[in-house]
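Each remark here refers to the structure printed beneath this line.
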Amino acid sequence: MDDSVVLAEGPWTHRFVGANGSRFHVVEMGTGPLVLFLHGFPEFWWAWHDVMTRVADAGFRAAAIDLRGYGLSDKPPRGYDGYTMAADVTGLIRALGERSATIVGAGAGGMIGWAAAAFHPKLVNRLVVLGAAHPLRLRAALFADPRGQFAASATILKFQIPRYEHVLTRDDAALIGELMRHWSSPAWAASDGFADYSYRCRQAMQIPQASFCALEAYRWVARSALRLQGYRFVKLMQQPLGMPTLQLHGELDTAILPRTAQGSGRYVTAPYEWRLLPGAGHFIHQEQPDLVTGEILRWLKTPS
């Protein structure tokens with residue numbers, strides 16, 4: 001698959017920015033305070049094309065990136081640990097010429113947002129998390145809720161199998177489409193919007209090395225569980241966040257269960273809000289873009 005499949009045209013600008021030793025594909029538009037959007041698995045920057053346009057129109061500089069290993073960003077063989085990917089995000093904030101930014105992350109991007117805010121608090125002035133539990137909440141739920149979150153993560157646990165990336169991309173990445181359908185709300189999964197979006201994500205995941213890199217982040221989580229690196233990560237993530245944090249979650253999310261994500265506010269000492277969105281699945285930024293955009297703009301404009 002040619003990596004040009006992610007170069008969609010629109011009112012935005014495509015550029016490449018060097019940060020943390022790698023080159024990242026950044027799509028941006030608008031002027032004002034920086035809002036950095038992080039996609040999840042198995043997405044790419046297109047996840048935010050609708051929301052970022054409205055945020056830019058509201059007076060902000062909106063920038064959506066391809067995470068390390070995705071889309072047009074570099075795909076090095078290493079660097080998919082929580083420390084490096086958090087440093088990618090804050091390095092991009094500096095590389096884009098800003099001293100701080102609001103991070104908006106969905107799914108895996110939300111997990112990275114939690115880590116970036118914990119490790120580099122001076123560079124993150126606000127945080128918005130969609131469909132992602134705090135990493136320590138997820139870690140606890142995998143052990144404490146075997147019939148719930150552990151069972152929901154069974155597919156993700158298969159990512160530990162060597163060369164499983166070839167299973168993901170087999171038959172035009174059919175498994176990617178199945179996973180997205182399973183994690184979405186039934187209403188959206190039956191819509192034309194889902195068909196178009198899942199097709200784009202399947203294409204992007206077939207870019208050479210993209211599927212391997214995407215799985216490496218999940219493999220690091222498992223590998224680090226019994227290593228000193230993982231122990232240090234857990235200790236650092238216990239640091240409470242001091243920036244205003246908004247957490248949005250789909251009521252029908254079957255990837256990260258609502259009961260897993262709820263309670264993440266215990267790691268935030270600043271103003272914090274939790275909102276459960278009825279009828280929404282894991283991809284709430286696609287399923288309910290109007291509501292999500294409104295919540296993001298409300299949070300951006302709320303005094304600290």
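As shown in the structure tokens, the chain order sets the letters A, B, ...; within each chain, residues go from 1, and ligands are also counted from 1 in the order they appear.
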
Contacts of Pro278 in chain A at 8 Å (only C-alpha atoms; same-chain gap of 5+ positions) as JSON, numbers by chain: {"A": [250, 251, 252]}

Backbone DSSP call of strand (DSSP E) for range 45-244 of chain A, listed as a count of residues only: 18

Interatomic distance (Å, one decimal) between CA of Met111 in chain A and CA of Asp172 in chain A: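 Atom-to-atom, CA of Met111 in chain A and CA of Asp172 in chain A are spaced 27.8 Å apart.
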
Contacts of Ile65 in chain A within 6 Å, only C-alpha atoms, excl. fewer than 3 positions in-chain, as a ChimeraX atom specification: /A:25-26,45

Restricting the output to C-alpha atoms, write the selected residues as a PDB file, in the first residue's frame.
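Resulting contents of again21.pdb:
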```pdb
ATOM      1  CA  HIS A  25       3.656  13.866   9.743  1.00  0.00           C
ATOM      2  CA  VAL A  26       1.670  16.831  11.046  1.00  0.00           C
ATOM      3  CA  TRP A  45      -4.439  11.615  11.696  1.00  0.00           C
TER       4      TRP A  45
END
```

Contacts of Leu38 in chain A at 9 Å or less, counting only C-alpha atoms, minus same-chain residues fewer than 4 places along, as a PDB file with all heavy atoms, in the first residue's frame?
```pdb
ATOM      1  N   PHE A  44      -5.273   6.921  12.079  1.00  0.00           N
ATOM      2  CA  PHE A  44      -4.179   7.824  11.731  1.00  0.00           C
ATOM      3  C   PHE A  44      -4.738   9.228  11.862  1.00  0.00           C
ATOM      4  O   PHE A  44      -5.831   9.410  12.398  1.00  0.00           O
ATOM      5  CB  PHE A  44      -3.586   7.512  10.344  1.00  0.00           C
ATOM      6  CG  PHE A  44      -4.561   7.651   9.186  1.00  0.00           C
ATOM      7  CD1 PHE A  44      -4.471   8.717   8.303  1.00  0.00           C
ATOM      8  CD2 PHE A  44      -5.562   6.707   8.982  1.00  0.00           C
ATOM      9  CE1 PHE A  44      -5.363   8.848   7.237  1.00  0.00           C
ATOM     10  CE2 PHE A  44      -6.457   6.817   7.911  1.00  0.00           C
ATOM     11  CZ  PHE A  44      -6.351   7.898   7.046  1.00  0.00           C
ATOM     12  N   TRP A  45      -4.025  10.238  11.411  1.00  0.00           N
ATOM     13  CA  TRP A  45      -4.439  11.615  11.696  1.00  0.00           C
ATOM     14  C   TRP A  45      -5.861  11.915  11.238  1.00  0.00           C
ATOM     15  O   TRP A  45      -6.534  12.780  11.826  1.00  0.00           O
ATOM     16  CB  TRP A  45      -3.468  12.606  11.032  1.00  0.00           C
ATOM     17  CG  TRP A  45      -3.673  12.732   9.542  1.00  0.00           C
ATOM     18  CD1 TRP A  45      -3.029  12.043   8.557  1.00  0.00           C
ATOM     19  CD2 TRP A  45      -4.609  13.591   8.856  1.00  0.00           C
ATOM     20  NE1 TRP A  45      -3.500  12.399   7.310  1.00  0.00           N
ATOM     21  CE2 TRP A  45      -4.474  13.357   7.468  1.00  0.00           C
ATOM     22  CE3 TRP A  45      -5.557  14.517   9.285  1.00  0.00           C
ATOM     23  CZ2 TRP A  45      -5.226  14.020   6.506  1.00  0.00           C
ATOM     24  CZ3 TRP A  45      -6.324  15.187   8.327  1.00  0.00           C
ATOM     25  CH2 TRP A  45      -6.150  14.945   6.961  1.00  0.00           C
ATOM     26  N   ALA A  47      -8.479  10.660  11.804  1.00  0.00           N
ATOM     27  CA  ALA A  47      -9.445  10.509  12.895  1.00  0.00           C
ATOM     28  C   ALA A  47     -10.003  11.845  13.351  1.00  0.00           C
ATOM     29  O   ALA A  47     -11.129  11.935  13.848  1.00  0.00           O
ATOM     30  CB  ALA A  47      -8.780   9.795  14.076  1.00  0.00           C
ATOM     31  N   TRP A  48      -9.214  12.921  13.167  1.00  0.00           N
ATOM     32  CA  TRP A  48      -9.588  14.238  13.695  1.00  0.00           C
ATOM     33  C   TRP A  48      -9.961  15.245  12.622  1.00  0.00           C
ATOM     34  O   TRP A  48     -10.135  16.427  12.936  1.00  0.00           O
ATOM     35  CB  TRP A  48      -8.415  14.794  14.518  1.00  0.00           C
ATOM     36  CG  TRP A  48      -8.042  13.936  15.665  1.00  0.00           C
ATOM     37  CD1 TRP A  48      -6.935  13.146  15.796  1.00  0.00           C
ATOM     38  CD2 TRP A  48      -8.786  13.753  16.878  1.00  0.00           C
ATOM     39  NE1 TRP A  48      -6.942  12.490  16.993  1.00  0.00           N
ATOM     40  CE2 TRP A  48      -8.068  12.842  17.676  1.00  0.00           C
ATOM     41  CE3 TRP A  48      -9.989  14.282  17.348  1.00  0.00           C
ATOM     42  CZ2 TRP A  48      -8.510  12.444  18.937  1.00  0.00           C
ATOM     43  CZ3 TRP A  48     -10.438  13.881  18.604  1.00  0.00           C
ATOM     44  CH2 TRP A  48      -9.700  12.977  19.377  1.00  0.00           C
ATOM     45  N   ALA A  64      -3.061  17.776  14.015  1.00  0.00           N
ATOM     46  CA  ALA A  64      -3.250  16.335  14.191  1.00  0.00           C
ATOM     47  C   ALA A  64      -2.022  15.634  13.630  1.00  0.00           C
ATOM     48  O   ALA A  64      -1.531  15.991  12.560  1.00  0.00           O
ATOM     49  CB  ALA A  64      -4.510  15.863  13.468  1.00  0.00           C
ATOM     50  N   ILE A  65      -1.525  14.633  14.345  1.00  0.00           N
ATOM     51  CA  ILE A  65      -0.298  13.971  13.917  1.00  0.00           C
ATOM     52  C   ILE A  65      -0.553  12.494  13.626  1.00  0.00           C
ATOM     53  O   ILE A  65      -1.548  11.916  14.073  1.00  0.00           O
ATOM     54  CB  ILE A  65       0.807  14.092  14.986  1.00  0.00           C
ATOM     55  CG1 ILE A  65       0.452  13.251  16.229  1.00  0.00           C
ATOM     56  CG2 ILE A  65       1.040  15.538  15.366  1.00  0.00           C
ATOM     57  CD1 ILE A  65       1.585  13.072  17.195  1.00  0.00           C
ATOM     58  N   ASP A  66       0.350  11.913  12.849  1.00  0.00           N
ATOM     59  CA  ASP A  66       0.472  10.463  12.782  1.00  0.00           C
ATOM     60  C   ASP A  66       1.457  10.068  13.877  1.00  0.00           C
ATOM     61  O   ASP A  66       2.604  10.526  13.880  1.00  0.00           O
ATOM     62  CB  ASP A  66       1.017  10.010  11.423  1.00  0.00           C
ATOM     63  CG  ASP A  66      -0.017  10.089  10.313  1.00  0.00           C
ATOM     64  OD1 ASP A  66      -1.217   9.985  10.605  1.00  0.00           O
ATOM     65  OD2 ASP A  66       0.377  10.254   9.135  1.00  0.00           O
ATOM     66  N   LEU A  67       1.017   9.239  14.812  1.00  0.00           N
ATOM     67  CA  LEU A  67       1.911   8.794  15.865  1.00  0.00           C
ATOM     68  C   LEU A  67       3.112   8.039  15.285  1.00  0.00           C
ATOM     69  O   LEU A  67       3.076   7.574  14.141  1.00  0.00           O
ATOM     70  CB  LEU A  67       1.166   7.877  16.832  1.00  0.00           C
ATOM     71  CG  LEU A  67       0.023   8.480  17.651  1.00  0.00           C
ATOM     72  CD1 LEU A  67      -0.682   7.375  18.437  1.00  0.00           C
ATOM     73  CD2 LEU A  67       0.538   9.556  18.602  1.00  0.00           C
ATOM     74  N   VAL A  89       5.414  13.429  21.881  1.00  0.00           N
ATOM     75  CA  VAL A  89       4.332  14.422  21.921  1.00  0.00           C
ATOM     76  C   VAL A  89       4.851  15.771  22.424  1.00  0.00           C
ATOM     77  O   VAL A  89       4.619  16.815  21.798  1.00  0.00           O
ATOM     78  CB  VAL A  89       3.181  13.917  22.812  1.00  0.00           C
ATOM     79  CG1 VAL A  89       2.129  14.997  23.005  1.00  0.00           C
ATOM     80  CG2 VAL A  89       2.560  12.673  22.202  1.00  0.00           C
ATOM     81  N   ILE A 103      -3.562  18.843  24.954  1.00  0.00           N
ATOM     82  CA  ILE A 103      -3.500  17.543  24.290  1.00  0.00           C
ATOM     83  C   ILE A 103      -4.891  16.923  24.288  1.00  0.00           C
ATOM     84  O   ILE A 103      -5.557  16.866  25.324  1.00  0.00           O
ATOM     85  CB  ILE A 103      -2.503  16.602  24.993  1.00  0.00           C
ATOM     86  CG1 ILE A 103      -1.074  17.119  24.819  1.00  0.00           C
ATOM     87  CG2 ILE A 103      -2.622  15.185  24.449  1.00  0.00           C
ATOM     88  CD1 ILE A 103      -0.029  16.272  25.518  1.00  0.00           C
ATOM     89  N   VAL A 104      -5.314  16.470  23.107  1.00  0.00           N
ATOM     90  CA  VAL A 104      -6.572  15.747  22.963  1.00  0.00           C
ATOM     91  C   VAL A 104      -6.221  14.380  22.391  1.00  0.00           C
ATOM     92  O   VAL A 104      -5.723  14.280  21.267  1.00  0.00           O
ATOM     93  CB  VAL A 104      -7.556  16.481  22.029  1.00  0.00           C
ATOM     94  CG1 VAL A 104      -8.855  15.693  21.914  1.00  0.00           C
ATOM     95  CG2 VAL A 104      -7.825  17.894  22.528  1.00  0.00           C
ATOM     96  N   GLY A 105      -6.454  13.319  23.157  1.00  0.00           N
ATOM     97  CA  GLY A 105      -6.083  11.983  22.719  1.00  0.00           C
ATOM     98  C   GLY A 105      -7.237  11.015  22.802  1.00  0.00           C
ATOM     99  O   GLY A 105      -8.034  11.069  23.745  1.00  0.00           O
ATOM    100  N   ALA A 106      -7.328  10.111  21.810  1.00  0.00           N
ATOM    101  CA  ALA A 106      -8.385   9.097  21.791  1.00  0.00           C
ATOM    102  C   ALA A 106      -7.766   7.712  21.795  1.00  0.00           C
ATOM    103  O   ALA A 106      -6.775   7.458  21.107  1.00  0.00           O
ATOM    104  CB  ALA A 106      -9.259   9.272  20.549  1.00  0.00           C
ATOM    105  N   GLY A 107      -8.341   6.797  22.566  1.00  0.00           N
ATOM    106  CA  GLY A 107      -7.842   5.434  22.591  1.00  0.00           C
ATOM    107  C   GLY A 107      -6.390   5.381  23.031  1.00  0.00           C
ATOM    108  O   GLY A 107      -6.018   5.917  24.078  1.00  0.00           O
ATOM    109  N   ALA A 108      -5.549   4.734  22.218  1.00  0.00           N
ATOM    110  CA  ALA A 108      -4.117   4.662  22.528  1.00  0.00           C
ATOM    111  C   ALA A 108      -3.510   6.056  22.618  1.00  0.00           C
ATOM    112  O   ALA A 108      -2.602   6.303  23.413  1.00  0.00           O
ATOM    113  CB  ALA A 108      -3.398   3.836  21.469  1.00  0.00           C
ATOM    114  N   GLY A 109      -4.020   6.993  21.814  1.00  0.00           N
ATOM    115  CA  GLY A 109      -3.551   8.371  21.895  1.00  0.00           C
ATOM    116  C   GLY A 109      -3.895   9.018  23.219  1.00  0.00           C
ATOM    117  O   GLY A 109      -3.157   9.864  23.727  1.00  0.00           O
ATOM    118  N   GLY A 110      -5.024   8.604  23.800  1.00  0.00           N
ATOM    119  CA  GLY A 110      -5.381   9.093  25.129  1.00  0.00           C
ATOM    120  C   GLY A 110      -4.450   8.565  26.198  1.00  0.00           C
ATOM    121  O   GLY A 110      -4.077   9.286  27.128  1.00  0.00           O
ATOM    122  N   ILE A 112      -1.324   7.816  25.718  1.00  0.00           N
ATOM    123  CA  ILE A 112      -0.091   8.584  25.554  1.00  0.00           C
ATOM    124  C   ILE A 112      -0.264   9.979  26.137  1.00  0.00           C
ATOM    125  O   ILE A 112       0.657  10.549  26.730  1.00  0.00           O
ATOM    126  CB  ILE A 112       0.295   8.652  24.063  1.00  0.00           C
ATOM    127  CG1 ILE A 112       0.626   7.243  23.540  1.00  0.00           C
ATOM    128  CG2 ILE A 112       1.478   9.591  23.836  1.00  0.00           C
ATOM    129  CD1 ILE A 112       0.786   7.164  22.039  1.00  0.00           C
ATOM    130  N   GLY A 113      -1.462  10.545  25.982  1.00  0.00           N
ATOM    131  CA  GLY A 113      -1.739  11.854  26.562  1.00  0.00           C
ATOM    132  C   GLY A 113      -1.607  11.841  28.078  1.00  0.00           C
ATOM    133  O   GLY A 113      -1.036  12.767  28.671  1.00  0.00           O
TER     134      GLY A 113
END
```

Nearby residues (only C-alpha atoms) at most 9 Å from range 1-5 of chain A, same-chain spacing under 4 positions excluded, as a VMD selection string: chain A and resid 71 to 72 200 203 to 208

Suppose we keep all heavy atoms; can you now write the selection as a PDB file, in the first residue's frame?
```pdb
ATOM      1  N   GLY A  71       0.934   5.957   9.608  1.00  0.00           N
ATOM      2  CA  GLY A  71       0.790   6.898   8.501  1.00  0.00           C
ATOM      3  C   GLY A  71       2.104   7.231   7.830  1.00  0.00           C
ATOM      4  O   GLY A  71       2.866   6.360   7.400  1.00  0.00           O
ATOM      5  N   LEU A  72       2.381   8.538   7.744  1.00  0.00           N
ATOM      6  CA  LEU A  72       3.598   9.016   7.098  1.00  0.00           C
ATOM      7  C   LEU A  72       4.710   9.333   8.077  1.00  0.00           C
ATOM      8  O   LEU A  72       5.767   9.814   7.675  1.00  0.00           O
ATOM      9  CB  LEU A  72       3.282  10.265   6.260  1.00  0.00           C
ATOM     10  CG  LEU A  72       2.511  10.028   4.956  1.00  0.00           C
ATOM     11  CD1 LEU A  72       2.183  11.355   4.276  1.00  0.00           C
ATOM     12  CD2 LEU A  72       3.300   9.143   4.015  1.00  0.00           C
ATOM     13  N   ARG A 200     -10.558   3.561   5.201  1.00  0.00           N
ATOM     14  CA  ARG A 200      -9.361   4.405   5.266  1.00  0.00           C
ATOM     15  C   ARG A 200      -8.352   3.850   6.280  1.00  0.00           C
ATOM     16  O   ARG A 200      -7.146   3.828   6.025  1.00  0.00           O
ATOM     17  CB  ARG A 200      -9.748   5.838   5.652  1.00  0.00           C
ATOM     18  CG  ARG A 200     -10.473   6.617   4.564  1.00  0.00           C
ATOM     19  CD  ARG A 200     -10.870   7.993   5.066  1.00  0.00           C
ATOM     20  NE  ARG A 200     -11.597   8.779   4.079  1.00  0.00           N
ATOM     21  CZ  ARG A 200     -11.027   9.589   3.190  1.00  0.00           C
ATOM     22  NH1 ARG A 200      -9.712   9.731   3.181  1.00  0.00           N
ATOM     23  NH2 ARG A 200     -11.753  10.264   2.324  1.00  0.00           N
ATOM     24  N   GLN A 203      -6.620   0.778   4.902  1.00  0.00           N
ATOM     25  CA  GLN A 203      -5.587   1.150   3.937  1.00  0.00           C
ATOM     26  C   GLN A 203      -4.324   1.638   4.640  1.00  0.00           C
ATOM     27  O   GLN A 203      -3.211   1.230   4.300  1.00  0.00           O
ATOM     28  CB  GLN A 203      -6.109   2.256   3.017  1.00  0.00           C
ATOM     29  CG  GLN A 203      -7.046   1.785   1.915  1.00  0.00           C
ATOM     30  CD  GLN A 203      -7.291   2.889   0.913  1.00  0.00           C
ATOM     31  OE1 GLN A 203      -7.676   4.005   1.283  1.00  0.00           O
ATOM     32  NE2 GLN A 203      -7.074   2.605  -0.349  1.00  0.00           N
ATOM     33  N   ALA A 204      -4.497   2.520   5.632  1.00  0.00           N
ATOM     34  CA  ALA A 204      -3.344   3.092   6.329  1.00  0.00           C
ATOM     35  C   ALA A 204      -2.553   2.028   7.076  1.00  0.00           C
ATOM     36  O   ALA A 204      -1.321   2.102   7.177  1.00  0.00           O
ATOM     37  CB  ALA A 204      -3.804   4.183   7.291  1.00  0.00           C
ATOM     38  N   MET A 205      -3.237   1.011   7.590  1.00  0.00           N
ATOM     39  CA  MET A 205      -2.546  -0.037   8.338  1.00  0.00           C
ATOM     40  C   MET A 205      -1.750  -0.958   7.421  1.00  0.00           C
ATOM     41  O   MET A 205      -0.882  -1.703   7.890  1.00  0.00           O
ATOM     42  CB  MET A 205      -3.555  -0.831   9.161  1.00  0.00           C
ATOM     43  CG  MET A 205      -2.955  -1.709  10.241  1.00  0.00           C
ATOM     44  SD  MET A 205      -1.846  -0.869  11.390  1.00  0.00           S
ATOM     45  CE  MET A 205      -2.977   0.259  12.200  1.00  0.00           C
ATOM     46  N   GLN A 206      -2.001  -0.892   6.115  1.00  0.00           N
ATOM     47  CA  GLN A 206      -1.262  -1.713   5.162  1.00  0.00           C
ATOM     48  C   GLN A 206      -0.022  -1.016   4.611  1.00  0.00           C
ATOM     49  O   GLN A 206       0.698  -1.600   3.799  1.00  0.00           O
ATOM     50  CB  GLN A 206      -2.174  -2.124   4.004  1.00  0.00           C
ATOM     51  CG  GLN A 206      -3.285  -3.074   4.425  1.00  0.00           C
ATOM     52  CD  GLN A 206      -4.203  -3.445   3.272  1.00  0.00           C
ATOM     53  OE1 GLN A 206      -3.845  -4.224   2.386  1.00  0.00           O
ATOM     54  NE2 GLN A 206      -5.398  -2.881   3.263  1.00  0.00           N
ATOM     55  N   ILE A 207       0.234   0.205   5.059  1.00  0.00           N
ATOM     56  CA  ILE A 207       1.492   0.870   4.712  1.00  0.00           C
ATOM     57  C   ILE A 207       2.629   0.025   5.290  1.00  0.00           C
ATOM     58  O   ILE A 207       2.540  -0.435   6.427  1.00  0.00           O
ATOM     59  CB  ILE A 207       1.519   2.301   5.275  1.00  0.00           C
ATOM     60  CG1 ILE A 207       0.459   3.161   4.583  1.00  0.00           C
ATOM     61  CG2 ILE A 207       2.898   2.927   5.135  1.00  0.00           C
ATOM     62  CD1 ILE A 207       0.294   4.539   5.191  1.00  0.00           C
ATOM     63  N   PRO A 208       3.694  -0.218   4.535  1.00  0.00           N
ATOM     64  CA  PRO A 208       4.778  -1.079   5.024  1.00  0.00           C
ATOM     65  C   PRO A 208       5.257  -0.696   6.424  1.00  0.00           C
ATOM     66  O   PRO A 208       5.515   0.473   6.695  1.00  0.00           O
ATOM     67  CB  PRO A 208       5.878  -0.871   3.980  1.00  0.00           C
ATOM     68  CG  PRO A 208       5.125  -0.592   2.718  1.00  0.00           C
ATOM     69  CD  PRO A 208       3.933   0.220   3.150  1.00  0.00           C
TER      70      PRO A 208
END
```

Counting only C-alpha atoms, which residues in range 211-274 of chain A sit no more than 10 Å from range 77-83 of chain A? For each one, give the nearest pair of atoms and the distance in Å, sorted by chain then residue number, as a Markdown table.
```
| residue | atom | partner | partner_atom | distance |
| --- | --- | --- | --- | --- |
| A:Phe212 | CA | A:Pro77 | CA | 8.8 |
| A:Cys213 | CA | A:Pro77 | CA | 7.2 |
| A:Ala214 | CA | A:Tyr80 | CA | 8.4 |
| A:Leu215 | CA | A:Tyr80 | CA | 9.0 |
| A:Glu216 | CA | A:Tyr80 | CA | 6.0 |
| A:Ala217 | CA | A:Tyr80 | CA | 4.7 |
| A:Tyr218 | CA | A:Tyr80 | CA | 8.4 |
| A:Arg219 | CA | A:Tyr80 | CA | 8.8 |
| A:Trp220 | CA | A:Asp81 | CA | 5.8 |
| A:Val221 | CA | A:Asp81 | CA | 7.5 |
| A:Arg223 | CA | A:Asp81 | CA | 9.9 |
| A:Ser224 | CA | A:Asp81 | CA | 8.7 |
| A:Gln229 | CA | A:Asp81 | CA | 9.4 |
| A:Gly230 | CA | A:Gly82 | CA | 9.1 |
| A:Phe233 | CA | A:Gly82 | CA | 7.6 |
```

Using only N, CA, C and O atoms, please write the residues we just selected to a file, as a compact mmCIF listing (two decimals), in the first residue's frame.
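Ended up saving to selection17.txt:
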```txt
# COMPACT_ATOMS: atom_id res chain seq x y z
N PHE A 212 3.32 -3.59 12.14
CA PHE A 212 4.34 -4.04 13.10
C PHE A 212 4.57 -2.97 14.18
O PHE A 212 4.59 -3.28 15.38
N CYS A 213 4.72 -1.73 13.76
CA CYS A 213 4.97 -0.64 14.71
C CYS A 213 3.79 -0.44 15.65
O CYS A 213 3.97 -0.20 16.85
N ALA A 214 2.57 -0.55 15.11
CA ALA A 214 1.39 -0.37 15.95
C ALA A 214 1.33 -1.42 17.05
O ALA A 214 0.98 -1.11 18.20
N LEU A 215 1.70 -2.65 16.73
CA LEU A 215 1.64 -3.72 17.73
C LEU A 215 2.79 -3.64 18.72
O LEU A 215 2.65 -4.12 19.86
N GLU A 216 3.90 -3.04 18.32
CA GLU A 216 5.05 -2.96 19.22
C GLU A 216 4.72 -2.19 20.49
O GLU A 216 5.24 -2.50 21.57
N ALA A 217 3.86 -1.18 20.39
CA ALA A 217 3.48 -0.41 21.59
C ALA A 217 2.75 -1.31 22.59
O ALA A 217 2.98 -1.25 23.80
N TYR A 218 1.86 -2.18 22.10
CA TYR A 218 1.15 -3.10 22.97
C TYR A 218 2.09 -4.18 23.51
O TYR A 218 1.94 -4.63 24.65
N ARG A 219 3.04 -4.59 22.71
CA ARG A 219 4.00 -5.60 23.16
C ARG A 219 4.90 -5.05 24.26
O ARG A 219 5.30 -5.78 25.17
N TRP A 220 5.24 -3.76 24.16
CA TRP A 220 6.06 -3.18 25.21
C TRP A 220 5.34 -3.22 26.56
O TRP A 220 5.96 -3.49 27.60
N VAL A 221 4.05 -2.96 26.53
CA VAL A 221 3.27 -2.98 27.78
C VAL A 221 3.41 -4.34 28.46
O VAL A 221 3.61 -4.44 29.68
N ARG A 223 5.80 -6.72 27.82
CA ARG A 223 7.20 -7.04 28.12
C ARG A 223 7.69 -6.31 29.37
O ARG A 223 8.50 -6.83 30.13
N SER A 224 7.20 -5.09 29.56
CA SER A 224 7.70 -4.27 30.66
C SER A 224 7.07 -4.61 32.00
O SER A 224 7.52 -4.13 33.05
N GLN A 229 11.99 -1.33 33.93
CA GLN A 229 11.46 -0.22 33.14
C GLN A 229 9.96 -0.04 33.38
O GLN A 229 9.47 1.08 33.51
N GLY A 230 9.24 -1.15 33.44
CA GLY A 230 7.81 -1.08 33.71
C GLY A 230 7.50 -0.62 35.11
O GLY A 230 6.55 0.13 35.34
N PHE A 233 7.88 3.05 35.22
CA PHE A 233 6.76 3.69 34.53
C PHE A 233 5.56 3.81 35.47
O PHE A 233 4.92 4.86 35.55
```

All residues 9 Å or closer to range 130-134 of chain A, only C-alpha atoms, same chain fewer than 2 positions away omitted, as a ChimeraX atom specification: /A:104-111,114-115,128,136-139,237,246-250,253,255-258,260-265,267,281-285,292

Two-atom distance - CA of Asp145 in chain A, CA of Arg266 in chain A (Å):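 Between CA of Asp145 in chain A and CA of Arg266 in chain A the gap works out to 18.7 Å.
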
From A:Arg202, A:Arg232, A:Arg275, A:Arg259, residue lying nearest Ala144 in chain A [only C-alpha atoms]: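 Ranked by minimum distance to Ala144 in chain A, first place goes to A:Arg259.
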
Nearest candidate to Leu92 in chain A (options A:Phe37, A:Phe150, A:Tyr199, A:Tyr231; using only C-alpha atoms):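 Checking each of A:Phe37, A:Phe150, A:Tyr199, A:Tyr231 against Leu92 in chain A, counting only C-alpha atoms, the winner is A:Phe37.
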
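Ranking A:Pro244, A:Val55, A:Gly10, A:Gly32 by their shortest atom-to-atom distance to Thr293 in chain A, with only C-alpha atoms included, puts A:Val55 first.
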
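Near Thr269 in chain A, within a cut-off of 10 Å and counting only C-alpha atoms, sit the residues A:Gln239, A:Pro240, A:Leu241, A:Gly242, A:Met243, A:Pro244, A:Thr245, A:Gly265, with same-chain residues fewer than 4 positions away left out.
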
Kindly save the residues from that selection, with N, CA and C atoms included, as a CSV table (one decimal), in the first residue's frame.
```csv
chain,number,residue,atom,x,y,z
A,239,GLN,N,2.2,10.0,39.8
A,239,GLN,CA,2.3,11.4,40.0
A,239,GLN,C,1.0,12.1,39.6
A,240,PRO,N,0.3,12.7,40.5
A,240,PRO,CA,-1.0,13.3,40.1
A,240,PRO,C,-0.9,14.5,39.1
A,241,LEU,N,-1.8,14.6,38.2
A,241,LEU,CA,-1.8,15.7,37.2
A,241,LEU,C,-2.3,17.0,37.8
A,242,GLY,N,-1.6,18.0,37.4
A,242,GLY,CA,-2.0,19.3,37.9
A,242,GLY,C,-2.6,20.2,36.9
A,243,MET,N,-3.1,19.7,35.7
A,243,MET,CA,-3.7,20.5,34.7
A,243,MET,C,-5.2,20.0,34.6
A,244,PRO,N,-6.1,21.0,34.2
A,244,PRO,CA,-7.5,20.6,34.0
A,244,PRO,C,-7.7,19.5,33.0
A,245,THR,N,-8.5,18.5,33.4
A,245,THR,CA,-8.6,17.3,32.6
A,245,THR,C,-10.1,16.9,32.4
A,265,GLY,N,-10.0,9.9,37.5
A,265,GLY,CA,-9.9,11.2,38.1
A,265,GLY,C,-9.1,11.2,39.5
```
